[in-house]
Every structure is written in C-alpha cells, then in structure tokens.
Amino acid sequence: MTDMHTASKETPAWTTSGYFMLIILIALFVMTAARFMGVAAGNVSENDILGFLLGMILGPIGFVLIAKGFYIIQPNQAAAITLFGSYRGTDRSHGLRWVWPWMSKTRVSVRANNVVSEKLKVNDLRGNPIEIACNVVWRVSDTAQALFDVDDYKAFVIVQIESAVRSIGSRYPYDDIEHMEVTLRGNHDQINDELRTELNARLVLAGITVDECGLTHLAYAPEIAGAMLRRQQAEAVISARRKLVEGAVSMVELALNQLSEKGVVELDATQRAVLVSNLMVVLCGERDAQPTLNAGSI
C-alpha cells in the first residue's frame, strides 16, 4: 500500500485588525476599573456586590484572553495560523493583528534571501574536474508548503542548490575552443537560465520561488589547472594556425588568378608551384620576409 503525499496549499486565514480589539480591551479595562471604584465608594446593593465579584473573576480572564490574541506582522512577513495542529490559513496583512487566542501563530519571512553556495568539485561533460559555485536569490511563495511539506525549508534550499549545481556542471563541458557547443564558460546566460529553471522545479515542493541565479565561480580543479591551461594554449595556437593557413591559401589563389587575368606573367606548372611555395612561406612565417632580387627566371 503506497502512502501518497498531499501537498499543502496556502489559504487566507480569518484574522482581524488588532487596533479594533485594542479598543475593546481598553474599554473592558475602563469598565472594570469603574465598577471597582463604584463598590469602593459604598452604597451598593447585594446585586452590585455580586456583579462586582463576577466582574473581578471574569474581567481578568477576558483581559488575558484578548491580550493573548494580539500579534504583529512586519512588512514582507506572514503568519501561519493553526488550531491544535490543523492549518487554518495564512495572514499576510502587516501591522497589529488579532486572532482567537487558542490559535497558534508561526511567523514566516517572505522577503528575498540571497545564498552563495560553497565551491563544489564536479566532473564536467568531458570528465574534467572543475570547481563551480553560484549565487541564488529565493523567497517563500507558499507559506503552507514551506512550513508543513518539508522539515526545514532553509536547509532544503541549500541541499537542492548543491544538487542543481552538480547536475548543471556535469551536463556541459567547461570550454570548447571551437565554439561549436554550449559550454559553462562561454554561455553564461543560457546556463544561468537553465539553472534557475531546474531550481524552481526542485523547490516547488517547498513553496520556494527562485527569482535570480548565476554562476559566481568557475575554474578547473587545482590538480589539472596547469595541464588544462597548456591544453588551452595549444588549442588556441592550432586554431590560430588553421585560420592563418586558410587566409594564406585564399591570398595565394587570389594572387595567381589576378596574375593570369591581367597577363602580368605567364607561368608554367613548375613556376606556379615555386611561386605558391614562396608565397605560403611568406604568409605563414612568423618573421618578416626578406626580399631578394632575381635577375633570371622565377
């Protein structure tokens, strides 16, 4: 037999303004004091004495019961109302409030919270160990779920942030020199949006909404940082060389076409090969070319 979990849902609670009940409390105090002074002045009947004794018993009880129902809600704060363990709704009206004295009040902050996660060591998509951390701005959107569906919603947020960061970190490579795929280092906006979406999906159980999140730390783990730096440098050199060769080939092709079209010089296959070789050496070399004068053939 499977135990199905039923999610709680926030509903408005019946409460009233505390200022109205404060006026009633003051009026009760004044009436009790007036009755006491009237009896103390004498000339009272047996009914007045009985009313006085009854008032002296019930007055303090009523005073305590009314006073016990007062509570204060700060701006961006809510109070979950329960009756003998049963949820009766949430009061989000700030100021002096009042509810039946036998109701329990649990205050919950609905302000935005900022959490910076610890640096986590994760293997990226290519298996390289990396260090990753993020900043998350979250708030309680459903007080009933936050209080009654998880044991400690703040601890729950921390654990789910760690899980989401590990999931995102292992889903993409750290970097791609060719820029052909989504990477953690090169696609910040996409990674941050996906992290926010995943966190909202994980935290909906606790009535938590993530307003903003983003990676604050991303680096290779120290044990491979040096090797990966050399790899990045080598990949950058290879990429630069490839671009250089592609450009040199285009320039050589352009030079040969223009020489042929304008009839500057007629070259046979051997001469064209020599010219291509010389141009490639000049264009791809790392040093400036030194011109030489050839008085004979090419």
# chains A, B, ... in the order shown; residues from 1 in each chain; ligands from 1
>>> select_by_dssp(residues="segment 61-246 of chain A", states="strand (DSSP E)", output="number ranges by chain")
A: 70-73, 77-83, 86-91, 95-98, 104-109, 113-116, 120-123, 129-140, 208-220
>>> residues_around(residues="Glu131 of chain A", least_positions_apart="6", cutoff="7 Å", atoms="only C-alpha atoms", output="mmCIF file with N, CA and C atoms, in the first residue's frame")
data_model
loop_
_atom_site.group_PDB
_atom_site.id
_atom_site.type_symbol
_atom_site.label_atom_id
_atom_site.label_comp_id
_atom_site.auth_asym_id
_atom_site.auth_seq_id
_atom_site.Cartn_x
_atom_site.Cartn_y
_atom_site.Cartn_z
ATOM 1 N N LYS A 119 32.024 26.315 -2.966
ATOM 2 C CA LYS A 119 32.663 25.805 -4.184
ATOM 3 C C LYS A 119 32.576 24.277 -4.200
ATOM 4 N N LEU A 120 31.997 23.743 -5.250
ATOM 5 C CA LEU A 120 31.824 22.305 -5.391
ATOM 6 C C LEU A 120 32.751 21.784 -6.477
ATOM 7 N N LYS A 121 33.311 20.608 -6.260
ATOM 8 C CA LYS A 121 34.145 19.968 -7.271
ATOM 9 C C LYS A 121 33.274 18.988 -8.045
ATOM 10 N N VAL A 122 33.174 19.210 -9.360
ATOM 11 C CA VAL A 122 32.294 18.427 -10.230
ATOM 12 C C VAL A 122 33.079 18.034 -11.472
ATOM 13 N N LEU A 218 33.887 29.623 -11.476
ATOM 14 C CA LEU A 218 34.040 28.530 -12.433
ATOM 15 C C LEU A 218 35.500 28.428 -12.809
ATOM 16 N N ALA A 219 36.121 27.297 -12.506
ATOM 17 C CA ALA A 219 37.538 27.109 -12.794
ATOM 18 C C ALA A 219 37.858 25.626 -12.797
ATOM 19 N N TYR A 220 38.942 25.283 -13.477
ATOM 20 C CA TYR A 220 39.418 23.912 -13.408
ATOM 21 C C TYR A 220 39.926 23.633 -11.994
ATOM 22 N N ALA A 221 39.817 22.382 -11.567
ATOM 23 C CA ALA A 221 40.339 21.993 -10.259
ATOM 24 C C ALA A 221 41.844 22.204 -10.226
#
>>> residues_around(residues="Leu25 of chain A", least_positions_apart="4", cutoff="7 Å", atoms="only C-alpha atoms", output="PDB file with C-alpha atoms, in the first residue's frame")
ATOM      1  CA  MET A  21      -9.512  44.633  19.579  1.00  0.00           C
ATOM      2  CA  PHE A  29     -10.320  47.731  31.486  1.00  0.00           C
ATOM      3  CA  PHE A  63      -8.437  40.624  29.574  1.00  0.00           C
ATOM      4  CA  ILE A  66      -7.996  39.162  24.421  1.00  0.00           C
TER       5      ILE A  66
END
>>> atom_distance(atom1="atom CA of Asn123 of chain A", atom2="atom CA of Asp176 of chain A")
15.3 Å
>>> residues_around(residues="segment 135-143 of chain A", least_positions_apart="3", cutoff="9 Å", atoms="only C-alpha atoms", output="ChimeraX atom specification")
/A:8-10,78-80,90,108-117,146-148,157,161,196,206-216
>>> write_last_selection(atoms="N, CA and C atoms", output="tab-separated table (two decimals), in the first residue's frame")
chain	number	residue	atom	x	y	z
A	8	SER	N	0.50	20.72	0.64
A	8	SER	CA	-0.29	21.76	1.29
A	8	SER	C	-0.44	22.94	0.33
A	9	LYS	N	-1.42	23.78	0.60
A	9	LYS	CA	-1.65	24.95	-0.24
A	9	LYS	C	-2.06	26.11	0.65
A	10	GLU	N	-1.41	27.24	0.43
A	10	GLU	CA	-1.70	28.41	1.26
A	10	GLU	C	-3.09	28.95	1.00
A	78	ALA	N	4.69	36.93	7.00
A	78	ALA	CA	3.38	36.30	7.06
A	78	ALA	C	3.31	35.47	8.34
A	79	ALA	N	2.08	35.12	8.73
A	79	ALA	CA	1.87	34.30	9.92
A	79	ALA	C	0.93	33.16	9.55
A	80	ALA	N	1.41	31.94	9.74
A	80	ALA	CA	0.58	30.76	9.50
A	80	ALA	C	-0.22	30.46	10.77
A	90	THR	N	-3.21	31.55	6.30
A	90	THR	CA	-2.05	32.43	6.47
A	90	THR	C	-2.50	33.88	6.42
A	108	VAL	N	6.57	33.64	9.26
A	108	VAL	CA	7.44	33.21	8.15
A	108	VAL	C	7.83	34.45	7.36
A	109	SER	N	9.11	34.60	7.10
A	109	SER	CA	9.58	35.72	6.29
A	109	SER	C	9.35	35.39	4.81
A	110	VAL	N	8.77	36.34	4.08
A	110	VAL	CA	8.60	36.18	2.64
A	110	VAL	C	9.50	37.16	1.89
A	111	ARG	N	10.53	37.64	2.58
A	111	ARG	CA	11.50	38.53	1.95
A	111	ARG	C	12.44	37.72	1.05
A	112	ALA	N	13.11	38.42	0.15
A	112	ALA	CA	14.09	37.77	-0.73
A	112	ALA	C	15.32	37.38	0.09
A	113	ASN	N	15.82	36.19	-0.14
A	113	ASN	CA	17.02	35.68	0.52
A	113	ASN	C	18.12	35.47	-0.52
A	114	ASN	N	19.33	35.75	-0.12
A	114	ASN	CA	20.48	35.59	-1.02
A	114	ASN	C	21.41	34.52	-0.46
A	115	VAL	N	21.71	33.51	-1.28
A	115	VAL	CA	22.58	32.42	-0.87
A	115	VAL	C	23.71	32.27	-1.88
A	116	VAL	N	24.94	32.25	-1.39
A	116	VAL	CA	26.10	31.95	-2.22
A	116	VAL	C	26.57	30.56	-1.84
A	117	SER	N	26.49	29.64	-2.77
A	117	SER	CA	26.84	28.25	-2.47
A	117	SER	C	28.35	28.10	-2.29
A	146	ALA	N	6.05	25.61	2.69
A	146	ALA	CA	7.35	25.80	3.33
A	146	ALA	C	7.36	25.27	4.76
A	147	LEU	N	6.25	25.43	5.48
A	147	LEU	CA	6.21	25.02	6.88
A	147	LEU	C	5.83	23.56	7.08
A	148	PHE	N	4.96	23.03	6.22
A	148	PHE	CA	4.36	21.74	6.51
A	148	PHE	C	4.74	20.62	5.53
A	157	VAL	N	16.58	24.25	0.81
A	157	VAL	CA	17.06	25.11	-0.27
A	157	VAL	C	18.55	24.89	-0.50
A	161	ILE	N	20.15	23.45	-4.00
A	161	ILE	CA	21.08	24.28	-4.77
A	161	ILE	C	22.33	23.47	-5.11
A	196	ARG	N	18.25	28.23	-13.13
A	196	ARG	CA	17.07	28.80	-12.46
A	196	ARG	C	15.84	27.91	-12.68
A	206	ALA	N	8.65	22.80	-1.76
A	206	ALA	CA	8.74	23.54	-0.50
A	206	ALA	C	8.12	24.93	-0.60
A	207	GLY	N	7.42	25.23	-1.68
A	207	GLY	CA	6.80	26.55	-1.81
A	207	GLY	C	7.82	27.66	-1.96
A	208	ILE	N	8.96	27.36	-2.59
A	208	ILE	CA	10.04	28.33	-2.78
A	208	ILE	C	10.11	28.73	-4.24
A	209	THR	N	10.31	30.02	-4.50
A	209	THR	CA	10.49	30.54	-5.85
A	209	THR	C	11.87	31.16	-5.98
A	210	VAL	N	12.60	30.80	-7.03
A	210	VAL	CA	13.92	31.37	-7.31
A	210	VAL	C	13.74	32.52	-8.28
A	211	ASP	N	14.12	33.73	-7.87
A	211	ASP	CA	13.97	34.91	-8.72
A	211	ASP	C	15.17	35.13	-9.63
A	212	GLU	N	16.35	34.78	-9.15
A	212	GLU	CA	17.56	35.03	-9.92
A	212	GLU	C	18.66	34.09	-9.46
A	213	CYS	N	19.48	33.66	-10.38
A	213	CYS	CA	20.65	32.84	-10.00
A	213	CYS	C	21.70	32.96	-11.10
A	214	GLY	N	22.93	32.68	-10.73
A	214	GLY	CA	24.03	32.75	-11.69
A	214	GLY	C	25.29	32.17	-11.10
A	215	LEU	N	26.18	31.71	-11.97
A	215	LEU	CA	27.45	31.16	-11.52
A	215	LEU	C	28.36	32.29	-11.05
A	216	THR	N	28.97	32.10	-9.88
A	216	THR	CA	29.90	33.09	-9.33
A	216	THR	C	31.34	32.62	-9.38
>>> closest_residue(among="A:Ala144, A:Ile24, A:Ala201, A:Ile73", to="Ala7 of chain A", atoms="only C-alpha atoms")
A:Ala144
>>> closest_residue(among="A:Leu205, A:Ser167, A:Ala33, A:Ile81", to="Asp151 of chain A", atoms="only C-alpha atoms")
A:Leu205
